[in-house]
$ cat work-v2.txt   # compact mmCIF, C-alpha atoms
# COMPACT_ATOMS: atom_id res chain seq x y z
CA MET A 1 26.78 -1.24 12.93
CA LYS A 2 29.26 -3.00 15.21
CA LEU A 3 32.82 -2.85 13.86
CA PHE A 4 34.55 -5.04 16.36
CA LYS A 5 32.68 -8.36 16.15
CA PRO A 6 27.52 -2.44 12.61
CA LEU A 7 -8.90 4.31 -11.20
CA SER A 8 -11.48 1.84 -9.76
CA LEU A 9 -12.13 -1.36 -11.73
CA PRO A 10 -15.23 -0.13 -13.59
CA ILE A 11 -13.47 3.07 -14.70
CA ALA A 12 -10.39 1.18 -15.85
CA ALA A 13 -12.51 -1.29 -17.81
CA PHE A 14 -14.40 1.56 -19.54
CA ALA A 15 -11.10 3.25 -20.43
CA MET A 16 -9.80 0.09 -22.09
CA LEU A 17 -12.95 -0.36 -24.12
CA SER A 18 -13.04 3.24 -25.32
CA CYS A 19 -9.40 3.70 -26.43
CA PRO A 20 -7.85 2.69 -29.79
CA ALA A 21 -5.90 -0.57 -30.08
CA ASN A 22 -2.49 1.08 -29.74
CA GLU A 23 -3.61 3.03 -26.67
CA GLN A 24 -5.01 -0.17 -25.18
CA SER A 25 -1.62 -1.80 -25.64
CA LYS A 26 0.00 1.06 -23.75
CA THR A 27 -2.51 0.60 -20.95
CA GLU A 28 -1.75 -3.10 -20.74
CA ASN A 29 2.01 -2.52 -20.65
CA LYS A 30 1.92 0.25 -18.08
CA GLU A 31 3.43 -0.74 -14.75
CA VAL A 32 0.76 -1.09 -12.08
CA GLU A 33 1.59 0.40 -8.71
CA THR A 34 1.39 -1.88 -5.72
CA PRO A 35 -1.59 -0.96 -3.52
CA SER A 36 -0.43 0.61 -0.31
CA SER A 37 -1.71 2.32 2.79
CA GLU A 38 -1.32 6.00 3.55
CA TRP A 39 2.02 7.38 4.67
CA ILE A 40 2.49 7.55 8.43
CA GLN A 41 4.77 10.34 9.62
CA LEU A 42 7.00 9.01 12.39
CA THR A 43 8.66 12.31 13.29
CA ASP A 44 5.71 14.67 13.56
CA GLY A 45 5.02 16.13 16.96
CA ASN A 46 6.27 14.18 19.96
CA PHE A 47 8.38 11.24 18.80
CA LEU A 48 7.28 9.25 21.85
CA ASP A 49 4.01 8.71 20.01
CA HIS A 50 5.75 6.36 17.57
CA TRP A 51 8.98 5.23 19.21
CA GLU A 52 10.30 3.29 22.17
CA MET A 53 13.65 1.95 23.31
CA TYR A 54 14.82 -1.31 21.78
CA ASP A 55 15.56 -2.83 25.16
CA GLY A 56 12.28 -1.64 26.71
CA SER A 57 13.92 0.87 29.05
CA GLU A 58 13.16 4.56 29.50
CA ILE A 59 13.80 6.80 26.50
CA LYS A 60 17.33 8.19 26.64
CA GLY A 61 20.07 9.35 24.29
CA TRP A 62 17.78 11.09 21.80
CA LYS A 63 16.63 14.69 21.44
CA PHE A 64 13.71 15.68 19.25
CA GLU A 65 13.51 19.31 18.07
CA ASN A 66 11.72 20.97 15.14
CA GLY A 67 11.06 17.65 13.46
CA GLU A 68 14.67 16.50 13.76
CA LEU A 69 15.61 13.43 15.79
CA MET A 70 19.17 13.69 17.08
CA ALA A 71 21.23 10.89 18.58
CA SER A 72 23.71 11.60 21.36
CA GLY A 73 26.38 9.28 19.96
CA ALA A 74 26.22 6.92 22.93
CA GLY A 75 27.95 4.00 21.22
CA TRP A 76 27.16 0.60 19.69
CA ASP A 77 26.60 -1.22 22.98
CA ALA A 78 25.15 1.59 25.08
CA GLY A 79 21.61 0.22 24.80
CA GLU A 80 20.15 3.48 23.53
CA ASP A 81 18.68 2.39 20.19
CA LEU A 82 15.15 3.33 19.16
CA ILE A 83 12.51 1.15 17.52
CA THR A 84 9.02 1.87 16.27
CA LYS A 85 6.18 0.81 18.50
CA ASN A 86 4.51 -0.82 15.50
CA SER A 87 5.79 -3.85 13.63
CA TYR A 88 5.82 -4.09 9.82
CA GLU A 89 6.00 -6.85 7.22
CA ASN A 90 5.88 -5.32 3.72
CA PHE A 91 6.62 -1.60 3.71
CA GLU A 92 8.27 1.42 2.14
CA LEU A 93 10.32 3.56 4.53
CA GLU A 94 11.63 7.00 3.60
CA LEU A 95 13.75 9.37 5.67
CA GLU A 96 16.58 11.88 5.59
CA TRP A 97 19.76 11.83 7.64
CA LYS A 98 23.01 13.69 8.15
CA ILE A 99 26.05 12.61 10.10
CA GLU A 100 29.01 14.20 11.82
CA GLU A 101 32.61 13.51 10.81
CA ALA A 102 33.96 10.02 11.65
CA ASN A 103 30.61 8.86 13.04
CA SER A 104 28.28 5.96 12.29
CA SER A 105 24.71 4.79 12.77
CA GLY A 106 22.32 2.32 11.20
CA ILE A 107 18.71 1.88 10.12
CA PHE A 108 17.32 -1.56 10.97
CA TYR A 109 14.24 -3.44 9.81
CA TYR A 110 12.52 -6.60 11.00
CA VAL A 111 13.82 -5.88 14.51
CA GLN A 112 12.66 -8.25 17.24
CA LYS A 113 12.41 -6.78 20.74
CA SER A 114 15.21 -7.87 23.06
CA ASP A 115 16.95 -6.71 26.21
CA SER A 116 19.97 -8.94 25.73
CA THR A 117 20.86 -9.19 22.02
CA PRO A 118 22.55 -6.15 20.40
CA ILE A 119 20.36 -4.66 17.70
CA TYR A 120 23.09 -5.17 15.09
CA GLU A 121 22.91 -8.95 15.67
CA ASN A 122 19.12 -8.91 15.71
CA ALA A 123 18.11 -7.48 12.34
CA PRO A 124 19.33 -6.48 8.86
CA GLU A 125 20.93 -3.03 8.72
CA TYR A 126 21.06 -0.19 6.22
CA GLN A 127 24.47 1.24 6.97
CA VAL A 128 24.88 4.94 7.83
CA LEU A 129 28.49 6.10 7.98
CA ASP A 130 30.97 8.85 7.24
CA ASP A 131 32.64 6.70 4.59
CA LYS A 132 35.47 9.14 3.88
CA GLY A 133 36.20 10.21 7.43
CA TRP A 134 35.97 6.85 9.19
CA PRO A 135 39.41 6.09 10.68
CA ASP A 136 39.48 2.36 9.86
CA GLN A 137 39.54 0.62 6.49
CA MET A 138 36.04 -0.63 5.71
CA LYS A 139 34.96 -3.53 3.53
CA PRO A 140 32.65 -2.67 0.58
CA ASN A 141 29.66 -4.26 2.37
CA GLN A 142 30.26 -2.02 5.39
CA LEU A 143 29.82 1.27 3.52
CA THR A 144 26.86 3.64 3.53
CA ALA A 145 23.57 2.25 2.16
CA GLY A 146 24.91 -1.29 2.06
CA SER A 147 23.23 -4.20 3.81
CA TYR A 148 25.80 -4.23 6.58
CA ALA A 149 28.28 -7.12 6.29
CA MET A 150 26.09 -8.73 3.59
CA TYR A 151 25.68 -6.66 0.39
CA ALA A 152 27.84 -3.77 -0.79
CA PRO A 153 26.13 -0.71 -2.28
CA GLU A 154 26.63 -0.24 -6.02
CA GLY A 155 26.99 3.29 -7.36
CA ALA A 156 26.18 4.98 -4.05
CA GLU A 157 26.79 8.73 -3.97
CA VAL A 158 26.92 9.94 -0.38
CA LYS A 159 26.65 13.61 0.53
CA PRO A 160 29.45 15.18 2.59
CA VAL A 161 29.18 15.21 6.37
CA ARG A 162 26.54 17.52 7.83
CA GLU A 163 24.57 17.48 4.57
CA TRP A 164 21.22 15.72 4.23
CA ASN A 165 21.00 12.35 2.48
CA SER A 166 17.72 10.74 1.46
CA THR A 167 17.15 7.05 2.12
CA LYS A 168 14.45 4.66 1.00
CA ILE A 169 14.06 1.04 2.05
CA ILE A 170 11.48 -1.16 0.33
CA VAL A 171 10.67 -4.61 1.67
CA GLN A 172 8.17 -6.92 0.01
CA TYR A 173 9.24 -10.17 1.59
CA PRO A 174 11.51 -11.74 0.54
CA HIS A 175 12.56 -8.88 -1.77
CA VAL A 176 14.56 -5.95 -0.35
CA GLU A 177 15.80 -2.70 -1.91
CA HIS A 178 18.09 -0.02 -0.48
CA TRP A 179 18.00 3.44 -2.11
CA LEU A 180 20.30 6.40 -1.50
CA ASN A 181 19.68 9.91 -2.86
CA GLY A 182 17.25 8.69 -5.50
CA LYS A 183 19.29 5.70 -6.69
CA LYS A 184 18.79 2.01 -5.95
CA VAL A 185 22.11 0.70 -4.66
CA VAL A 186 21.26 -2.68 -3.07
CA GLU A 187 18.79 -5.41 -4.01
CA TYR A 188 18.53 -8.90 -2.53
CA GLU A 189 16.19 -11.72 -1.53
CA PHE A 190 15.92 -13.02 2.02
CA GLY A 191 16.65 -16.74 2.17
CA SER A 192 18.03 -17.05 -1.35
CA GLU A 193 21.04 -19.29 -1.95
CA ASP A 194 23.15 -16.18 -2.41
CA TRP A 195 21.89 -14.72 0.86
CA LYS A 196 22.53 -17.96 2.73
CA SER A 197 26.06 -18.29 1.39
CA ARG A 198 26.92 -14.72 2.35
CA LYS A 199 25.58 -15.24 5.85
CA ALA A 200 27.46 -18.53 6.27
CA ALA A 201 30.74 -17.08 5.09
CA GLY A 202 30.63 -13.76 6.89
CA LYS A 203 30.05 -11.88 10.11
CA TRP A 204 26.71 -13.53 10.88
CA ALA A 205 27.79 -17.16 10.52
CA GLU A 206 27.59 -17.66 14.29
CA VAL A 207 24.36 -15.66 14.70
CA PRO A 208 21.67 -18.22 13.78
CA ASP A 209 18.70 -15.87 14.26
CA TYR A 210 20.12 -13.12 12.06
CA GLY A 211 17.73 -12.29 9.21
CA ILE A 212 15.23 -15.09 9.82
CA ALA A 213 12.29 -12.90 10.91
CA LYS A 214 9.61 -12.06 8.33
CA SER A 215 8.27 -8.96 10.08
CA GLY A 216 9.39 -6.61 12.82
CA HIS A 217 10.08 -3.09 13.99
CA ILE A 218 12.10 -0.29 12.37
CA GLY A 219 15.19 0.65 14.39
CA LEU A 220 17.51 3.65 14.58
CA GLN A 221 20.93 3.15 16.15
CA ASN A 222 22.47 5.55 18.63
CA ALA A 223 26.06 4.65 17.84
CA GLY A 224 27.33 8.05 16.68
CA LEU A 225 26.31 11.64 16.14
CA VAL A 226 23.57 11.46 13.54
CA THR A 227 20.31 13.35 12.89
CA TYR A 228 17.18 11.96 11.23
CA ARG A 229 14.16 13.83 9.87
CA ASN A 230 11.06 13.35 7.69
CA VAL A 231 10.80 9.71 8.72
CA LYS A 232 7.70 8.17 7.17
CA ILE A 233 6.45 4.69 6.38
CA ARG A 234 3.60 3.04 4.52
CA GLU A 235 2.60 -0.58 4.43
CA LEU A 236 2.56 -2.34 1.07
$ encode --input "work-v2.txt" --output "structure tokens"
Amino acid sequence: MKLFKPLSLPIAAFAMLSCPANEQSKTENKEVETPSSEWIQLTDGNFLDHWEMYDGSEIKGWKFENGELMASGAGWDAGEDLITKNSYENFELELEWKIEEANSSGIFYYVQKSDSTPIYENAPEYQVLDDKGWPDQMKPNQLTAGSYAMYAPEGAEVKPVREWNSTKIIVQYPHVEHWLNGKKVVEYEFGSEDWKSRKAAGKWAEVPDYGIAKSGHIGLQNAGLVTYRNVKIREL
């Protein structure tokens, strides 16, 4: 955030043939899970195995202890944001975070590597913020779990500072979902007329490359004092 510009097929077939008509109907109407890869833990062991600095410099501003990844609170433009070494297109990302009073951070997706463009102008952001303790008045689309400066969260229930929140981000391009503490609070489509109009009328109107990528890295912002843990991802 930047505030001043943040069953295999044969088995399934046999089951359908062997069940009564009403049971078959239930089988047909049951939601089918999207095939996905195994979960990859991004905060197990040495975080250097999965992460690098957004600007390509030496790792700085982050401390990793007992599975918890802690940011130093360097600031929005300090150049100390992390990104995953791997790039992702369709994925499900889950993690937990807690934040200190009057602090902020952000979780980014579809990040493109750059040593000149701030990460908040580079990629869509899942906002992380002390909503109640932040000293300035925030717009609805700048609050926790929102798509920063694009979509406001609906029905978000944020835990108090220093308590763990759970976040889930699902992207199946062009569809995006933001979840907070078990509840879906944002849903949108990249490139839709609604998305385009919001971009044109808001903070990103003069940032032509914002949100145009269709794959990229996951990013964590070192803007404020925030801690992340249990970060995991699977490709869809």
$ atom_distance --input "work-v2.txt" --atom1 "atom CA of A:Lys159" --atom2 "atom CA of A:Ile83"
25.4 Å
$ atom_distance --input "work-v2.txt" --atom1 "atom CA of A:Tyr188" --atom2 "atom CA of A:Phe91"
15.3 Å
$ closest_atom_pairs --input "work-v2.txt" --of "stretch 33-131 of chain A" --to "stretch 145-149 of chain A" --cutoff "8 Å" --atoms "all atoms listed in the file" --output "CSV"
residue,atom,partner,partner_atom,distance
A:Pro124,CA,A:Ser147,CA,6.8
A:Glu125,CA,A:Tyr148,CA,5.5
A:Tyr126,CA,A:Ser147,CA,5.2
A:Gln127,CA,A:Ala145,CA,5.0
A:Val128,CA,A:Ala145,CA,6.4
$ closest_residue --input "work-v2.txt" --among "A:Gly67, A:Glu52, A:Gly133, A:Glu89" --to "A:Ile233" --atoms "all atoms listed in the file"
A:Glu89
$ closest_residue --input "work-v2.txt" --among "A:Val231, A:Val185, A:Val171, A:Val176" --to "A:Thr144" --atoms "only C-alpha atoms"
A:Val185
$ atom_distance --input "work-v2.txt" --atom1 "atom CA of A:Ile119" --atom2 "atom CA of A:Glu38"
28.0 Å
$ closest_residue --input "work-v2.txt" --among "A:Lys98, A:Lys63, A:Lys85, A:Lys199" --to "A:Gly211" --atoms "all atoms listed in the file"
A:Lys199
$ closest_residue --input "work-v2.txt" --among "A:Glu68, A:Glu206, A:Glu177, A:Asp194" --to "A:Val226" --atoms "only C-alpha atoms"
A:Glu68
$ closest_residue --input "work-v2.txt" --among "A:Glu101, A:Glu193, A:Glu94, A:Asp77" --to "A:Tyr228" --atoms "only C-alpha atoms"
A:Glu94
$ closest_residue --input "work-v2.txt" --among "A:Val111, A:Val186, A:Ile212, A:Leu180" --to "A:Asp55" --atoms "only C-alpha atoms"
A:Val111
$ residues_around --input "work-v2.txt" --residues "A:Glu235" --least-positions-apart "4" --cutoff "7 Å" --atoms "only C-alpha atoms" --output "VMD selection string"
chain A and resid 36 to 37 90 to 92
$ residues_around --input "work-v2.txt" --residues "A:Trp204" --least-positions-apart "6" --cutoff "12 Å" --atoms "all atoms listed in the file" --output "ChimeraX atom specification"
/A:2,5-6,120-124,148-150,195-198,210-212
